[in-house]
Amino acid sequence: MATAAAHRTAGTEPGEAAHPAASSARTAEQQTAFDEAVAADERIEPRDWMPDAYRATLVRQIAQHAHSEIIGMQPEANWITRAPSLRRKAILMAKVQDEAGHGLYLYSAAETLGTSREELLDKLHSGRQKYSSIFNYPTLTWADVGAIGWLVDGAAITNQVPLCRCSYGPYARAMVRVCKEESFHQRQGYESLLALSRGTEAQHEMAQDAVDRWWWPSLMMFGPPDDESSHSEQSMTWKIKRHSNDELRQRFVDICVPQAESLGLTLPDPDLAWNEARGHYDFGPIDWTEFWDVLKGNGPCNDQRITQRRRAHEEGAWVREAAAAHAAKHGKATA
Ligand code: FAQ
């Protein structure tokens, strides 16, 4: 919408009066253009005017998402040296590298909102920003790698496919590629679990044990129930989020039940049952005390994850310095 876009562009027009009344009229005009663009399903782009709270919400969510991708490398990387075959090792290394790539797209998307990667990493390292609760659980056996692929990547896709239609352009576009890669991750996890489930009795038990441990934390990934979700309503009005936490959680359960049957594994929930009237599976209560406890830092691996992240950052300082020196030298040579 060309007219709305013209009003949306941030900044003061040349010669525009700095009078407070003129400035507040201009802001009202920009707010209207922003609201119209969101209502018309247009994309908001980095140089467009946007409300401060919209920008802050995006930075919060994108940063948390980016941090989840890079912290999420740790649980699976734990198994790279112990993968049971060269094929599995090569697949796992590629997957973990993909997660690093997702982190990069997302930090770049956050940079378009005026926040530097250094600032966001500093907030992660000092505990001022979050990452997904799911990555505070340990990977105890090789089957956990399959369970993460099937359930954690599966939950991530369910949550992220609607984000491809997020109102903020750079985030939505990053999600398109992320979702394609996550879809491959989900399938490799499923295939790996299937091989274990159809293997020896001990392998089948290992796969079942992994699913038993990862099922409930995967459901928690979608965030608190709708009546306790502080941001959902506003984020849905802004079309950052397209569905509520509970809607996406239900969609995920509905997808997983038949897949678990095909895998020959059971989901650890005695209340799981098809509800003809609702057209969905009913499922048992989620332990929200555990969820909030993990968010407070009391999960089984919170300390380990953040300590490892800080160490990796410190040990990588020379790489960043060398890359910056190279870029500066290259820039001078070009000039
Ligand atoms: N963990 O009001 P809401 C992946 C916080 S990527 C930790 O409902 P919102 C790929 C929330 O921040 C996984 N904190 O919040 C992969 C807020 O606290 P705040 C990450 C959580 O933002 C696979 C408070 O609770 N995906 O797995 C969680 O509207 C395998 C109230 O909650 C994304 O980040 C949680 N699970 O909805 C990588 C997707 N849930 O900030 C490696 C994008 C909620 O006020 C290996 N994010 N909180 O202090 C989103 O869609 C949303 O941010 C939600 C939360 C749905 C996660």
# chains A, B, ... in the order shown; residues from 1 in each chain; ligands from 1

$ residues_around --residues "stretch 281-285 of chain A" --least-positions-apart "6" --cutoff "10 Å" --atoms "only C-alpha atoms" --output "short mmCIF file (atom, residue, chain, number, x, y, z; two decimals) with all heavy atoms, in the first residue's frame"
data_model
loop_
_atom_site.label_atom_id
_atom_site.label_comp_id
_atom_site.auth_asym_id
_atom_site.auth_seq_id
_atom_site.Cartn_x
_atom_site.Cartn_y
_atom_site.Cartn_z
N TRP A 216 6.71 -33.95 27.86
CA TRP A 216 6.10 -32.83 28.60
C TRP A 216 6.88 -31.53 28.43
O TRP A 216 6.28 -30.47 28.17
CB TRP A 216 5.91 -33.19 30.08
CG TRP A 216 4.85 -34.26 30.27
CD1 TRP A 216 5.06 -35.56 30.60
CD2 TRP A 216 3.43 -34.11 30.09
NE1 TRP A 216 3.86 -36.23 30.66
CE2 TRP A 216 2.84 -35.37 30.35
CE3 TRP A 216 2.61 -33.05 29.74
CZ2 TRP A 216 1.47 -35.58 30.27
CZ3 TRP A 216 1.23 -33.25 29.67
CH2 TRP A 216 0.67 -34.50 29.93
N GLN A 250 -2.09 -27.42 21.08
CA GLN A 250 -3.10 -28.43 20.68
C GLN A 250 -2.78 -28.98 19.29
O GLN A 250 -2.87 -30.18 19.05
CB GLN A 250 -4.49 -27.77 20.68
CG GLN A 250 -5.61 -28.69 20.26
CD GLN A 250 -5.90 -29.79 21.30
OE1 GLN A 250 -6.31 -29.49 22.40
NE2 GLN A 250 -5.69 -31.05 20.93
N ARG A 251 -2.38 -28.08 18.39
CA ARG A 251 -2.04 -28.51 17.03
C ARG A 251 -0.90 -29.53 17.07
O ARG A 251 -0.91 -30.54 16.37
CB ARG A 251 -1.62 -27.27 16.22
CG ARG A 251 -1.41 -27.53 14.76
CD ARG A 251 -1.11 -26.24 14.01
NE ARG A 251 -2.23 -25.32 13.93
CZ ARG A 251 -2.21 -24.13 13.32
NH1 ARG A 251 -1.09 -23.72 12.74
NH2 ARG A 251 -3.26 -23.36 13.29
N VAL A 253 -0.01 -31.53 19.61
CA VAL A 253 -0.47 -32.81 20.17
C VAL A 253 -1.20 -33.60 19.09
O VAL A 253 -0.95 -34.81 18.90
CB VAL A 253 -1.40 -32.57 21.39
CG1 VAL A 253 -2.06 -33.87 21.84
CG2 VAL A 253 -0.64 -31.93 22.55
N ASP A 254 -2.06 -32.93 18.34
CA ASP A 254 -2.84 -33.61 17.29
C ASP A 254 -1.92 -34.22 16.22
O ASP A 254 -2.23 -35.28 15.66
CB ASP A 254 -3.84 -32.64 16.63
CG ASP A 254 -4.96 -32.23 17.59
OD1 ASP A 254 -5.11 -32.87 18.65
OD2 ASP A 254 -5.68 -31.25 17.29
N ILE A 255 -0.82 -33.55 15.93
CA ILE A 255 0.13 -34.06 14.93
C ILE A 255 0.90 -35.26 15.49
O ILE A 255 1.15 -36.25 14.79
CB ILE A 255 1.13 -32.94 14.51
CG1 ILE A 255 0.42 -31.85 13.72
CG2 ILE A 255 2.30 -33.51 13.71
CD1 ILE A 255 1.26 -30.59 13.49
N VAL A 257 0.25 -37.51 18.01
CA VAL A 257 -0.36 -38.79 18.43
C VAL A 257 -0.27 -39.85 17.33
O VAL A 257 0.25 -40.95 17.57
CB VAL A 257 -1.80 -38.58 18.94
CG1 VAL A 257 -2.46 -39.91 19.25
CG2 VAL A 257 -1.80 -37.70 20.19
N PRO A 268 3.66 -40.40 27.11
CA PRO A 268 3.48 -40.66 28.55
C PRO A 268 2.33 -39.87 29.17
O PRO A 268 2.55 -39.06 30.07
CB PRO A 268 4.83 -40.23 29.13
CG PRO A 268 5.28 -39.14 28.21
CD PRO A 268 4.78 -39.48 26.85
N ASP A 269 1.13 -40.08 28.67
CA ASP A 269 -0.01 -39.32 29.17
C ASP A 269 -1.25 -40.21 29.16
O ASP A 269 -1.84 -40.44 28.10
CB ASP A 269 -0.22 -38.08 28.28
CG ASP A 269 -1.40 -37.23 28.75
OD1 ASP A 269 -2.09 -37.63 29.70
OD2 ASP A 269 -1.62 -36.17 28.14
N PRO A 270 -1.68 -40.69 30.33
CA PRO A 270 -2.84 -41.58 30.38
C PRO A 270 -4.14 -40.89 29.96
O PRO A 270 -5.12 -41.56 29.62
CB PRO A 270 -2.90 -42.01 31.86
CG PRO A 270 -2.09 -41.01 32.61
CD PRO A 270 -1.09 -40.43 31.65
N ASP A 271 -4.16 -39.55 29.98
CA ASP A 271 -5.39 -38.82 29.64
C ASP A 271 -5.52 -38.54 28.14
O ASP A 271 -6.51 -37.93 27.72
CB ASP A 271 -5.44 -37.48 30.39
CG ASP A 271 -5.51 -37.68 31.89
OD1 ASP A 271 -6.03 -38.73 32.30
OD2 ASP A 271 -5.04 -36.80 32.63
N LEU A 272 -4.53 -38.95 27.38
CA LEU A 272 -4.55 -38.66 25.95
C LEU A 272 -5.68 -39.45 25.28
O LEU A 272 -5.67 -40.69 25.32
CB LEU A 272 -3.20 -39.07 25.37
CG LEU A 272 -2.63 -38.37 24.15
CD1 LEU A 272 -2.64 -36.85 24.30
CD2 LEU A 272 -1.20 -38.85 23.95
N ALA A 273 -6.65 -38.76 24.70
CA ALA A 273 -7.79 -39.47 24.07
C ALA A 273 -8.43 -38.57 23.03
O ALA A 273 -8.51 -37.35 23.22
CB ALA A 273 -8.83 -39.83 25.13
N TRP A 274 -8.88 -39.18 21.94
CA TRP A 274 -9.53 -38.41 20.89
C TRP A 274 -10.88 -37.91 21.39
O TRP A 274 -11.66 -38.66 21.97
CB TRP A 274 -9.73 -39.27 19.64
CG TRP A 274 -10.45 -38.55 18.54
CD1 TRP A 274 -11.72 -38.78 18.11
CD2 TRP A 274 -9.95 -37.46 17.76
NE1 TRP A 274 -12.05 -37.90 17.10
CE2 TRP A 274 -10.97 -37.07 16.86
CE3 TRP A 274 -8.74 -36.75 17.73
CZ2 TRP A 274 -10.82 -36.02 15.95
CZ3 TRP A 274 -8.59 -35.72 16.81
CH2 TRP A 274 -9.62 -35.37 15.94
N ASN A 275 -11.14 -36.63 21.18
CA ASN A 275 -12.40 -36.04 21.60
C ASN A 275 -13.19 -35.69 20.33
O ASN A 275 -12.86 -34.73 19.64
CB ASN A 275 -12.12 -34.78 22.45
CG ASN A 275 -13.39 -34.15 22.98
OD1 ASN A 275 -14.42 -34.14 22.32
ND2 ASN A 275 -13.31 -33.61 24.20
#

$ select_by_dssp --residues "stretch 57-250 of chain A" --states "helix (DSSP H, G or I)" --output "ChimeraX atom specification"
/A:57-71,73-77,80-82,86-111,117-125,133-136,143-160,162-165,169-197,201-220,226-228,232-237,245-250

$ write_last_selection --atoms "C-alpha atoms" --output "short mmCIF file (atom, residue, chain, number, x, y, z; two decimals), in the first residue's frame"
data_model
loop_
_atom_site.label_atom_id
_atom_site.label_comp_id
_atom_site.auth_asym_id
_atom_site.auth_seq_id
_atom_site.Cartn_x
_atom_site.Cartn_y
_atom_site.Cartn_z
CA THR A 57 8.34 -6.83 21.76
CA LEU A 58 10.05 -7.91 18.57
CA VAL A 59 13.51 -7.46 20.07
CA ARG A 60 12.45 -9.49 23.11
CA GLN A 61 10.98 -12.35 21.09
CA ILE A 62 13.62 -12.44 18.33
CA ALA A 63 16.46 -12.25 20.88
CA GLN A 64 14.94 -15.07 22.93
CA HIS A 65 14.52 -17.07 19.75
CA ALA A 66 18.13 -16.43 18.61
CA HIS A 67 19.49 -17.35 22.06
CA SER A 68 17.45 -20.57 21.96
CA GLU A 69 19.01 -21.55 18.66
CA ILE A 70 22.59 -21.18 19.86
CA ILE A 71 22.04 -22.60 23.36
CA MET A 73 23.26 -26.52 19.97
CA GLN A 74 24.62 -27.79 23.29
CA PRO A 75 22.37 -30.75 24.20
CA GLU A 76 22.79 -32.43 20.83
CA ALA A 77 26.45 -31.47 20.34
CA ILE A 80 28.55 -35.74 18.17
CA THR A 81 31.63 -37.64 19.34
CA ARG A 82 29.50 -40.62 20.38
CA LEU A 86 29.62 -42.08 10.51
CA ARG A 87 26.28 -41.38 8.78
CA ARG A 88 24.59 -40.38 12.04
CA LYS A 89 27.61 -38.26 13.03
CA ALA A 90 27.61 -36.38 9.70
CA ILE A 91 23.86 -35.73 9.95
CA LEU A 92 24.13 -34.53 13.55
CA MET A 93 27.05 -32.20 12.79
CA ALA A 94 25.09 -30.66 9.90
CA LYS A 95 22.04 -30.22 12.13
CA VAL A 96 23.96 -28.53 14.93
CA GLN A 97 25.59 -26.21 12.37
CA ASP A 98 22.14 -25.37 11.00
CA GLU A 99 21.08 -24.24 14.48
CA ALA A 100 24.07 -21.87 14.60
CA GLY A 101 22.96 -20.53 11.22
CA HIS A 102 19.44 -19.94 12.55
CA GLY A 103 20.97 -17.96 15.40
CA LEU A 104 22.81 -15.80 12.87
CA TYR A 105 19.70 -15.05 10.79
CA LEU A 106 17.83 -14.13 13.95
CA TYR A 107 20.55 -11.90 15.44
CA SER A 108 20.66 -10.17 12.05
CA ALA A 109 16.88 -9.70 12.12
CA ALA A 110 17.21 -8.17 15.61
CA GLU A 111 19.98 -5.86 14.33
CA ARG A 117 24.47 -8.64 18.60
CA GLU A 118 26.99 -7.75 21.36
CA GLU A 119 24.23 -6.16 23.42
CA LEU A 120 21.95 -9.17 23.03
CA LEU A 121 24.69 -11.67 23.85
CA ASP A 122 25.61 -9.63 26.89
CA LYS A 123 21.98 -9.80 28.06
CA LEU A 124 21.93 -13.56 27.52
CA HIS A 125 25.18 -14.07 29.42
CA SER A 133 13.03 -23.74 28.65
CA ILE A 134 13.51 -26.95 26.65
CA PHE A 135 17.28 -26.63 26.46
CA ASN A 136 17.67 -26.94 30.22
CA ALA A 143 17.92 -41.75 21.66
CA ASP A 144 17.57 -38.22 23.05
CA VAL A 145 19.00 -36.90 19.79
CA GLY A 146 16.15 -38.60 17.90
CA ALA A 147 13.58 -37.40 20.44
CA ILE A 148 14.84 -33.81 20.14
CA GLY A 149 14.61 -33.97 16.35
CA TRP A 150 11.12 -35.42 16.39
CA LEU A 151 9.58 -33.52 19.30
CA VAL A 152 11.64 -30.36 19.88
CA ASP A 153 12.15 -29.52 16.20
CA GLY A 154 8.56 -30.62 15.59
CA ALA A 155 7.30 -28.19 18.25
CA ALA A 156 9.60 -25.49 16.88
CA ILE A 157 8.12 -25.89 13.37
CA THR A 158 4.54 -25.84 14.67
CA ASN A 159 5.32 -22.58 16.44
CA GLN A 160 7.40 -21.06 13.63
CA PRO A 162 2.88 -19.08 11.44
CA LEU A 163 5.80 -16.73 12.16
CA CYS A 164 6.56 -16.81 8.40
CA ARG A 165 3.50 -14.51 8.25
CA GLY A 169 9.42 -8.40 7.36
CA PRO A 170 12.97 -9.44 8.34
CA TYR A 171 11.72 -11.87 11.03
CA ALA A 172 9.10 -13.38 8.71
CA ARG A 173 11.63 -13.88 5.92
CA ALA A 174 14.20 -15.46 8.24
CA MET A 175 11.52 -17.90 9.37
CA VAL A 176 10.93 -19.23 5.86
CA ARG A 177 14.41 -20.68 5.61
CA VAL A 178 14.52 -21.73 9.26
CA CYS A 179 11.29 -23.71 8.84
CA LYS A 180 12.59 -25.54 5.77
CA GLU A 181 15.66 -26.61 7.72
CA GLU A 182 13.70 -27.48 10.86
CA SER A 183 11.45 -29.67 8.77
CA PHE A 184 14.48 -31.69 7.65
CA HIS A 185 15.62 -31.87 11.30
CA GLN A 186 12.25 -33.18 12.40
CA ARG A 187 12.31 -35.93 9.79
CA GLN A 188 15.81 -37.06 10.65
CA GLY A 189 14.79 -37.26 14.32
CA TYR A 190 11.74 -39.32 13.43
CA GLU A 191 13.80 -41.65 11.21
CA SER A 192 16.44 -42.09 13.90
CA LEU A 193 13.81 -42.92 16.54
CA LEU A 194 12.08 -45.32 14.15
CA ALA A 195 15.35 -47.22 13.63
CA LEU A 196 15.73 -47.54 17.42
CA SER A 197 12.09 -48.44 17.97
CA GLU A 201 14.51 -54.64 22.78
CA ALA A 202 17.12 -52.48 24.54
CA GLN A 203 17.08 -49.94 21.68
CA HIS A 204 13.28 -49.81 21.71
CA GLU A 205 13.34 -49.20 25.48
CA MET A 206 15.91 -46.44 25.03
CA ALA A 207 13.69 -44.72 22.43
CA GLN A 208 10.64 -45.01 24.72
CA ASP A 209 12.58 -43.64 27.69
CA ALA A 210 13.70 -40.62 25.64
CA VAL A 211 10.14 -39.88 24.50
CA ASP A 212 8.91 -40.24 28.08
CA ARG A 213 11.39 -37.57 29.23
CA TRP A 214 11.02 -35.10 26.32
CA TRP A 215 7.24 -35.15 25.81
CA TRP A 216 6.10 -32.83 28.60
CA PRO A 217 8.97 -30.31 28.28
CA SER A 218 8.17 -30.14 24.52
CA LEU A 219 4.58 -29.15 25.32
CA MET A 220 5.95 -26.42 27.61
CA ASP A 226 -3.30 -18.48 27.37
CA ASP A 227 -4.74 -17.09 30.60
CA GLU A 228 -1.20 -16.68 31.98
CA SER A 232 -0.02 -13.05 23.51
CA GLU A 233 -2.98 -10.73 23.17
CA GLN A 234 -0.92 -7.69 22.17
CA SER A 235 1.41 -9.74 19.95
CA MET A 236 -1.59 -11.21 18.14
CA THR A 237 -3.11 -7.75 17.63
CA ASN A 245 0.15 -20.64 22.87
CA ASP A 246 -2.68 -23.11 23.64
CA GLU A 247 -3.84 -23.26 20.01
CA LEU A 248 -0.37 -24.20 18.81
CA ARG A 249 0.16 -26.67 21.65
CA GLN A 250 -3.10 -28.43 20.68
#

$ residues_around --residues "A:Lys239" --least-positions-apart "4" --cutoff "8 Å" --atoms "only C-alpha atoms" --output "list of chain:residue names"
A:Val38, A:Cys166, A:Ser167, A:Ser235

$ write_last_selection --atoms "N, CA and C atoms" --output "CSV table (one decimal), in the first residue's frame"
chain,number,residue,atom,x,y,z
A,38,VAL,N,-0.8,-3.0,9.3
A,38,VAL,CA,-0.9,-4.3,10.0
A,38,VAL,C,-2.3,-4.9,9.7
A,166,CYS,N,4.6,-13.3,10.1
A,166,CYS,CA,4.7,-12.3,11.1
A,166,CYS,C,4.7,-10.9,10.4
A,167,SER,N,4.2,-9.9,11.1
A,167,SER,CA,4.0,-8.6,10.4
A,167,SER,C,5.4,-7.9,10.2
A,235,SER,N,0.6,-9.2,21.1
A,235,SER,CA,1.4,-9.7,20.0
A,235,SER,C,0.5,-10.2,18.8

$ atom_distance --atom1 "atom 26 (N, counted along the ligand's line) of ligand 1" --atom2 "atom CA of A:Phe291"
14.9 Å

$ closest_residue --among "A:Trp292, A:Trp142, A:Trp238, A:Trp318" --to "ligand 1" --atoms "only C-alpha atoms and all ligand atoms"
A:Trp292

$ select_by_dssp --residues "stretch 78-302 of chain A" --states "strand (DSSP E)" --output "JSON, numbers by chain"
{"A": [273, 274, 275, 280, 281, 282]}

$ write_last_selection --atoms "C-alpha atoms" --output "PDB file, in the first residue's frame"
ATOM      1  CA  ALA A 273      -7.791 -39.468  24.071  1.00  0.00           C
ATOM      2  CA  TRP A 274      -9.533 -38.408  20.888  1.00  0.00           C
ATOM      3  CA  ASN A 275     -12.404 -36.041  21.600  1.00  0.00           C
ATOM      4  CA  HIS A 280      -8.908 -32.770  18.864  1.00  0.00           C
ATOM      5  CA  TYR A 281      -7.002 -34.973  21.272  1.00  0.00           C
ATOM      6  CA  ASP A 282      -7.574 -34.240  24.946  1.00  0.00           C
TER       7      ASP A 282
END

$ atom_distance --atom1 "atom CA of A:His19" --atom2 "atom CA of A:Asp48"
21.9 Å

$ atom_distance --atom1 "atom 28 (C, counted along the ligand's line) of ligand 1" --atom2 "atom CA of A:Gly223"
4.3 Å

$ closest_residue --among "A:Val294, A:Cys256, A:Leu140, A:Ala21" --to "ligand 1" --atoms "only C-alpha atoms and all ligand atoms"
A:Val294

$ closest_residue --among "A:Ser244, A:Thr200, A:Asn78, A:Thr307" --to "ligand 1" --atoms "only C-alpha atoms and all ligand atoms"
A:Ser244
